[in-house]
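File shown: query-v4.cif (mmCIF, C-alpha atoms).
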```cif
data_entry
loop_
_atom_site.label_atom_id
_atom_site.label_comp_id
_atom_site.auth_asym_id
_atom_site.auth_seq_id
_atom_site.Cartn_x
_atom_site.Cartn_y
_atom_site.Cartn_z
CA MET A 1 187.41 3.22 47.40
CA GLN A 2 191.02 2.74 46.25
CA ASN A 3 190.06 -0.50 44.54
CA GLY A 4 187.33 1.42 42.75
CA ILE A 5 189.93 3.86 41.45
CA ASN A 6 192.03 1.00 40.11
CA ASP A 7 189.03 -0.54 38.36
CA VAL A 8 188.02 2.73 36.70
CA LEU A 9 191.54 3.46 35.47
CA SER A 10 192.14 -0.10 34.25
CA HIS A 11 188.91 -0.21 32.23
CA CYS A 12 189.36 3.24 30.68
CA PRO A 13 190.72 3.05 27.10
CA LEU A 14 192.94 6.10 27.65
CA PHE A 15 194.70 4.49 30.65
CA GLY A 16 194.15 0.81 29.88
CA GLY A 17 197.79 0.40 28.82
CA VAL A 18 199.21 1.94 32.01
CA LYS A 19 200.55 -0.79 34.29
CA GLY A 20 202.28 -1.43 37.61
CA PRO A 21 203.92 1.52 39.38
CA HIS A 22 202.78 3.93 36.68
CA LEU A 23 199.15 3.01 37.39
CA ALA A 24 199.83 3.45 41.10
CA THR A 25 201.07 6.98 40.35
CA LEU A 26 197.74 7.85 38.75
CA GLU A 27 195.81 6.19 41.59
CA GLY A 28 197.69 8.30 44.13
CA MET A 29 196.57 11.60 42.58
CA ALA A 30 192.99 10.60 41.68
CA LYS A 31 190.00 12.21 43.38
CA TRP A 32 186.30 11.33 43.31
CA GLU A 33 183.75 13.93 42.25
CA LYS A 34 179.98 13.47 42.46
CA VAL A 35 177.79 15.56 40.16
CA GLN A 36 174.01 15.68 40.28
CA ALA A 37 171.88 15.63 37.14
CA GLY A 38 171.77 19.11 35.64
CA GLN A 39 174.86 20.27 37.53
CA SER A 40 177.74 21.87 35.63
CA VAL A 41 181.14 20.16 35.84
CA PHE A 42 182.90 23.14 34.23
CA ARG A 43 182.15 25.90 31.74
CA GLN A 44 183.83 26.93 28.53
CA GLY A 45 186.80 29.19 29.31
CA ASP A 46 187.33 27.86 32.85
CA PRO A 47 190.85 26.71 33.78
CA CYS A 48 190.97 22.97 33.10
CA PRO A 49 190.64 21.05 36.41
CA GLY A 50 192.24 17.91 34.95
CA VAL A 51 191.32 14.69 33.18
CA TYR A 52 187.90 13.29 34.06
CA ILE A 53 186.84 9.65 33.77
CA VAL A 54 183.15 8.86 34.11
CA ALA A 55 182.63 5.96 36.52
CA GLU A 56 178.83 6.18 36.75
CA GLY A 57 176.19 8.27 35.00
CA LEU A 58 176.41 10.38 31.86
CA VAL A 59 178.02 13.74 31.05
CA ARG A 60 177.42 15.85 27.98
CA ILE A 61 180.09 18.05 26.43
CA TYR A 62 178.54 20.93 24.51
CA LYS A 63 179.18 24.35 23.03
CA LEU A 64 176.96 27.39 22.64
CA SER A 65 176.91 29.59 19.56
CA PRO A 66 176.83 33.40 19.96
CA SER A 67 173.07 33.20 19.36
CA GLY A 68 172.70 30.68 22.19
CA LYS A 69 172.19 27.60 20.01
CA GLU A 70 173.52 24.47 21.67
CA HIS A 71 175.44 21.65 20.04
CA VAL A 72 176.36 18.46 21.87
CA LEU A 73 179.89 17.41 20.96
CA HIS A 74 180.01 14.22 22.99
CA LEU A 75 177.97 12.13 25.39
CA VAL A 76 180.49 10.68 27.86
CA SER A 77 179.43 7.34 29.32
CA PRO A 78 181.15 5.18 31.99
CA GLY A 79 184.74 4.32 31.10
CA GLN A 80 185.19 7.32 28.84
CA THR A 81 187.17 10.50 29.49
CA PHE A 82 186.75 14.21 28.91
CA ALA A 83 188.93 17.34 29.26
CA GLU A 84 192.00 15.22 28.50
CA VAL A 85 193.18 17.40 25.59
CA ALA A 86 192.84 20.65 27.54
CA ALA A 87 194.72 19.17 30.51
CA ILE A 88 197.60 17.87 28.39
CA GLY A 89 197.64 20.91 26.09
CA GLY A 90 197.62 23.35 28.98
CA PHE A 91 194.68 25.48 27.82
CA ASN A 92 191.30 26.43 29.25
CA CYS A 93 188.23 24.24 28.83
CA PRO A 94 187.12 24.58 25.18
CA ALA A 95 183.51 23.55 25.88
CA ASN A 96 180.94 23.10 28.65
CA ALA A 97 180.44 19.90 30.62
CA GLN A 98 177.19 19.05 32.40
CA ALA A 99 175.90 15.89 34.06
CA ILE A 100 172.63 14.74 32.54
CA ALA A 101 172.26 11.95 35.10
CA ASP A 102 173.56 11.65 38.64
CA SER A 103 177.22 10.91 37.97
CA ARG A 104 180.41 9.91 39.71
CA CYS A 105 183.68 10.88 38.05
CA LEU A 106 187.33 10.26 38.76
CA LEU A 107 189.48 13.38 38.41
CA LEU A 108 193.22 13.39 37.73
CA PRO A 109 194.08 17.02 38.64
CA THR A 110 196.06 18.91 36.01
CA GLU A 111 199.10 19.85 38.11
CA PRO A 112 200.11 16.41 39.45
CA PHE A 113 199.05 14.73 36.20
CA MET A 114 201.29 16.97 34.08
CA ARG A 115 204.13 16.68 36.58
CA ALA A 116 203.95 12.89 36.24
CA LEU A 117 204.01 13.11 32.43
CA LYS A 118 207.03 15.44 32.47
CA THR A 119 209.05 13.18 34.76
CA ASN A 120 207.98 9.71 33.58
CA HIS A 121 208.84 8.90 29.97
CA GLN A 122 207.30 5.40 30.05
CA LEU A 123 204.02 6.72 31.45
CA CYS A 124 203.90 9.19 28.53
CA LEU A 125 204.32 6.37 26.02
CA GLU A 126 201.61 4.27 27.65
CA ILE A 127 199.15 7.17 27.65
CA MET A 128 200.04 8.05 24.04
CA ALA A 129 198.85 4.60 23.01
CA GLY A 130 195.51 5.35 24.67
CA MET A 131 195.34 8.75 22.96
CA CYS A 132 195.60 6.99 19.59
CA LEU A 133 192.38 5.10 20.41
CA TRP A 134 190.74 8.39 21.41
CA VAL A 135 191.74 10.04 18.10
CA ARG A 136 190.43 7.05 16.15
CA SER A 137 187.09 7.43 17.95
CA LEU A 138 187.04 11.13 17.04
CA VAL A 139 187.72 10.34 13.38
CA GLY A 140 184.81 7.88 13.46
CA LEU A 141 182.53 10.64 14.78
CA LEU A 142 183.62 12.99 11.98
CA GLU A 143 183.00 10.24 9.42
CA ASP A 144 179.48 9.79 10.79
CA ILE A 145 178.67 13.47 10.38
CA THR A 146 180.21 13.93 6.94
CA LEU A 147 179.72 10.56 5.22
CA ARG A 148 176.58 9.04 6.73
CA ASP A 149 172.97 10.21 6.40
CA ALA A 150 170.54 10.48 9.31
CA LEU A 151 169.43 6.85 8.96
CA ALA A 152 172.98 5.49 9.01
CA ARG A 153 174.06 7.72 11.92
CA THR A 154 171.09 6.64 14.02
CA ALA A 155 171.60 2.96 13.19
CA ARG A 156 175.29 3.21 14.08
CA LEU A 157 174.43 4.72 17.46
CA ILE A 158 171.94 1.93 18.21
CA ASN A 159 174.50 -0.65 17.10
CA THR A 160 177.05 0.84 19.48
CA LEU A 161 174.61 0.84 22.39
CA THR A 162 173.62 -2.79 21.85
CA ALA A 163 177.28 -3.82 21.59
CA GLU A 164 178.11 -2.01 24.84
CA ASN A 165 175.14 -3.52 26.68
CA GLY A 166 175.44 -6.97 25.15
CA ALA A 167 171.68 -7.08 24.64
CA ALA A 168 169.12 -6.43 21.90
CA GLU A 169 167.12 -4.17 24.23
CA VAL A 170 168.65 -0.81 25.10
CA GLN A 171 167.60 2.48 26.58
CA LEU A 172 168.60 5.74 24.94
CA PRO A 173 171.17 7.25 27.33
CA SER A 174 169.86 10.82 27.28
CA LEU A 175 167.08 13.11 26.18
CA LYS A 176 166.38 12.79 22.47
CA LYS A 177 167.32 16.43 21.91
CA HIS A 178 170.82 15.73 23.27
CA ILE A 179 171.23 12.63 21.13
CA ALA A 180 169.95 14.49 18.07
CA SER A 181 172.42 17.32 18.65
CA HIS A 182 175.26 14.83 19.10
CA LEU A 183 174.34 13.24 15.74
CA ASN A 184 174.03 16.69 14.14
CA LEU A 185 170.30 16.17 13.60
CA THR A 186 167.19 18.00 14.73
CA SER A 187 164.96 16.32 17.31
CA GLU A 188 162.25 16.01 14.65
CA THR A 189 164.63 14.28 12.22
CA LEU A 190 165.75 11.82 14.90
CA SER A 191 162.14 10.99 15.78
CA ARG A 192 161.26 10.46 12.11
CA THR A 193 164.32 8.26 11.63
CA LEU A 194 163.47 6.08 14.63
CA ARG A 195 159.91 5.79 13.37
CA ARG A 196 161.18 4.79 9.93
CA LEU A 197 163.36 2.05 11.42
CA ASP A 198 160.40 0.89 13.49
CA GLU A 199 158.04 0.78 10.50
CA ALA A 200 160.63 -1.17 8.51
CA GLY A 201 160.74 -3.83 11.25
CA VAL A 202 164.39 -3.17 12.10
CA ILE A 203 163.74 -1.94 15.64
CA GLN A 204 160.83 -1.60 18.01
CA SER A 205 160.76 1.86 19.55
CA ASP A 206 158.89 2.78 22.72
CA GLY A 207 159.99 6.19 23.93
CA GLN A 208 163.53 5.90 25.33
CA ASN A 209 163.43 2.09 25.07
CA LEU A 210 164.52 0.31 21.89
CA ARG A 211 164.62 -3.33 20.90
CA VAL A 212 166.57 -4.48 17.85
CA ARG A 213 164.43 -6.88 15.81
CA ASP A 214 166.67 -7.28 12.77
CA PRO A 215 170.39 -6.96 13.69
CA ALA A 216 171.61 -7.77 10.16
CA SER A 217 169.57 -4.99 8.58
CA LEU A 218 170.59 -2.58 11.32
CA LYS A 219 174.26 -3.24 10.58
CA SER A 220 173.69 -2.80 6.86
CA ILE A 221 172.01 0.55 7.50
CA ALA A 222 174.87 1.66 9.77
CA ASP A 223 177.32 0.75 7.00
CA GLY A 224 175.27 2.65 4.41
CA LEU A 225 174.52 -0.52 2.46
CA TRP A 226 170.80 -1.00 3.12
CA GLN A 227 167.85 0.03 1.02
CA ASP A 228 164.23 -0.40 2.08
#
```

Could you write out this file's structure as structure tokens?
Amino acid sequence: MQNGINDVLSHCPLFGGVKGPHLATLEGMAKWEKVQAGQSVFRQGDPCPGVYIVAEGLVRIYKLSPSGKEHVLHLVSPGQTFAEVAAIGGFNCPANAQAIADSRCLLLPTEPFMRALKTNHQLCLEIMAGMCLWVRSLVGLLEDITLRDALARTARLINTLTAENGAAEVQLPSLKKHIASHLNLTSETLSRTLRRLDEAGVIQSDGQNLRVRDPASLKSIADGLWQD
């Protein structure tokens, strides 16, 4: 199990730059948490338990409007983190977290994690480098929402999934309504967009399963350069 902790930390972008005894410090405080599909990890306003790293499964981070409307902020897949800003900033959880598949997460509890940051200057610097990658990813998400249309956002997501899987055939990692919310689209718009890509011969869509038929066109669409 300890080797599993080392593997998860080493392959996580936030902690990928942490080496040697500093990595051992994080390993020593880490705890495993198993969450079943549909189970809440924490709710908005709860004290932050610490920094979570998804080892297996999928977790959605979402907020609810006063009227009860739900918006998915992030779909956290293996290797990615959540609640890191709340843990480091010392504030309550700003959103809800729920497993949408049976998941196994590594938790770095807030108290020992912050104590390590306060007493280990080099560890702070190594984690700051990882935080820069996290911020760059966040900026990319904001660019998607503000600068790309539905077609480009959907193509970019499919491009990302194929790159992560190293294959032209991928499976959508969640319910379409969650993916649509994450892309700031309605479920109907996402379905129409996938159908449009299918009819154009760029992908072949079969429910949750997708196969990329024309990678060059898909990239052009993701970059906002393609016209059908």

The PyMOL selection byres ((chain A and resi 213) around 12) - which residues does that actually catch in the file I just gave you? List them as a count of residues only. 25

Taking the file as shown, what set of residues would the PyMOL selection byres ((chain A and resi 52) around 9) give back, as a VMD selection string? chain A and resid 49 to 51 53 to 54 80 to 84 105 to 109

File of the preceding selection, C-alpha atoms, as a PDB file, in the coordinates of the input:
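Saved the output as part-v9.pdb:
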```
ATOM      1  CA  PRO A  49     190.640  21.050  36.410  1.00  0.00           C
ATOM      2  CA  GLY A  50     192.240  17.910  34.950  1.00  0.00           C
ATOM      3  CA  VAL A  51     191.320  14.690  33.180  1.00  0.00           C
ATOM      4  CA  ILE A  53     186.840   9.650  33.770  1.00  0.00           C
ATOM      5  CA  VAL A  54     183.150   8.860  34.110  1.00  0.00           C
ATOM      6  CA  GLN A  80     185.190   7.320  28.840  1.00  0.00           C
ATOM      7  CA  THR A  81     187.170  10.500  29.490  1.00  0.00           C
ATOM      8  CA  PHE A  82     186.750  14.210  28.910  1.00  0.00           C
ATOM      9  CA  ALA A  83     188.930  17.340  29.260  1.00  0.00           C
ATOM     10  CA  GLU A  84     192.000  15.220  28.500  1.00  0.00           C
ATOM     11  CA  CYS A 105     183.680  10.880  38.050  1.00  0.00           C
ATOM     12  CA  LEU A 106     187.330  10.260  38.760  1.00  0.00           C
ATOM     13  CA  LEU A 107     189.480  13.380  38.410  1.00  0.00           C
ATOM     14  CA  LEU A 108     193.220  13.390  37.730  1.00  0.00           C
ATOM     15  CA  PRO A 109     194.080  17.020  38.640  1.00  0.00           C
TER      16      PRO A 109
END
```

Across A:Val41, A:Ile5, A:Val35, A:Ala30, the smallest distance to Arg104 (chain A), with only C-alpha atoms counted, is shown by A:Val35

Looking at all atoms listed in the file, which of A:Gln122, A:Leu183, A:Glu111, A:Ser77 is the one that sits closest to Gly20 (chain A)? A:Gln122

Which residue gives the smallest distance to Ala95 (chain A) among A:Leu23, A:Ala37, A:Leu190, A:Leu73, with only C-alpha atoms counted? A:Leu73

Distance criterion (all atoms listed in the file): nearest to Arg148 (chain A) out of A:Val59, A:Leu161, A:Leu225, A:Ala86: A:Leu225

If we count all atoms listed in the file, what is near Arg43 (chain A) at a cut-off of 9 Å, once residues fewer than 4 positions away on the same chain are taken out, given as a ChimeraX atom specification? /A:47,93-98

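When all atoms listed in the file are used to compute distances to Gly90 (chain A), the closest of the residues A:Val18, A:Leu125, A:Leu64, A:Cys48 turns out to be A:Cys48.
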
As a CSV table (one decimal), keeping the file's coordinate frame, please: region 194-218 of chain A completed to N, CA and C atoms.
```csv
chain,number,residue,atom,x,y,z
A,194,LEU,N,163.8,7.2,13.8
A,194,LEU,CA,163.5,6.1,14.6
A,194,LEU,C,162.2,5.5,14.2
A,195,ARG,N,161.2,6.3,13.8
A,195,ARG,CA,159.9,5.8,13.4
A,195,ARG,C,160.1,5.0,12.1
A,196,ARG,N,160.9,5.5,11.2
A,196,ARG,CA,161.2,4.8,9.9
A,196,ARG,C,161.8,3.4,10.2
A,197,LEU,N,162.7,3.3,11.1
A,197,LEU,CA,163.4,2.0,11.4
A,197,LEU,C,162.3,1.1,12.1
A,198,ASP,N,161.4,1.7,12.9
A,198,ASP,CA,160.4,0.9,13.5
A,198,ASP,C,159.4,0.3,12.4
A,199,GLU,N,159.0,1.2,11.5
A,199,GLU,CA,158.0,0.8,10.5
A,199,GLU,C,158.6,-0.3,9.6
A,200,ALA,N,160.0,-0.2,9.4
A,200,ALA,CA,160.6,-1.2,8.5
A,200,ALA,C,160.9,-2.5,9.2
A,201,GLY,N,160.6,-2.6,10.5
A,201,GLY,CA,160.7,-3.8,11.2
A,201,GLY,C,162.1,-4.1,11.7
A,202,VAL,N,163.0,-3.0,11.7
A,202,VAL,CA,164.4,-3.2,12.1
A,202,VAL,C,164.5,-3.0,13.6
A,203,ILE,N,163.8,-2.1,14.2
A,203,ILE,CA,163.7,-1.9,15.6
A,203,ILE,C,162.3,-1.8,16.1
A,204,GLN,N,162.1,-1.9,17.4
A,204,GLN,CA,160.8,-1.6,18.0
A,204,GLN,C,161.1,-0.5,19.0
A,205,SER,N,160.5,0.7,18.8
A,205,SER,CA,160.8,1.9,19.6
A,205,SER,C,159.6,2.2,20.5
A,206,ASP,N,159.9,2.4,21.7
A,206,ASP,CA,158.9,2.8,22.7
A,206,ASP,C,159.5,3.9,23.6
A,207,GLY,N,159.4,5.1,23.2
A,207,GLY,CA,160.0,6.2,23.9
A,207,GLY,C,161.5,6.1,24.0
A,208,GLN,N,162.1,6.0,25.2
A,208,GLN,CA,163.5,5.9,25.3
A,208,GLN,C,164.0,4.5,25.2
A,209,ASN,N,163.1,3.5,25.1
A,209,ASN,CA,163.4,2.1,25.1
A,209,ASN,C,163.4,1.6,23.6
A,210,LEU,N,164.4,0.9,23.2
A,210,LEU,CA,164.5,0.3,21.9
A,210,LEU,C,164.8,-1.2,22.0
A,211,ARG,N,164.3,-1.9,21.0
A,211,ARG,CA,164.6,-3.3,20.9
A,211,ARG,C,165.0,-3.6,19.4
A,212,VAL,N,166.1,-4.2,19.2
A,212,VAL,CA,166.6,-4.5,17.8
A,212,VAL,C,165.9,-5.8,17.4
A,213,ARG,N,165.1,-5.7,16.3
A,213,ARG,CA,164.4,-6.9,15.8
A,213,ARG,C,165.2,-7.5,14.7
A,214,ASP,N,166.0,-6.8,13.9
A,214,ASP,CA,166.7,-7.3,12.8
A,214,ASP,C,168.1,-6.8,12.8
A,215,PRO,N,169.0,-7.4,13.5
A,215,PRO,CA,170.4,-7.0,13.7
A,215,PRO,C,171.1,-6.8,12.4
A,216,ALA,N,170.9,-7.8,11.4
A,216,ALA,CA,171.6,-7.8,10.2
A,216,ALA,C,171.3,-6.5,9.4
A,217,SER,N,170.0,-6.2,9.3
A,217,SER,CA,169.6,-5.0,8.6
A,217,SER,C,170.1,-3.7,9.3
A,218,LEU,N,170.1,-3.7,10.6
A,218,LEU,CA,170.6,-2.6,11.3
A,218,LEU,C,172.1,-2.3,11.0
```
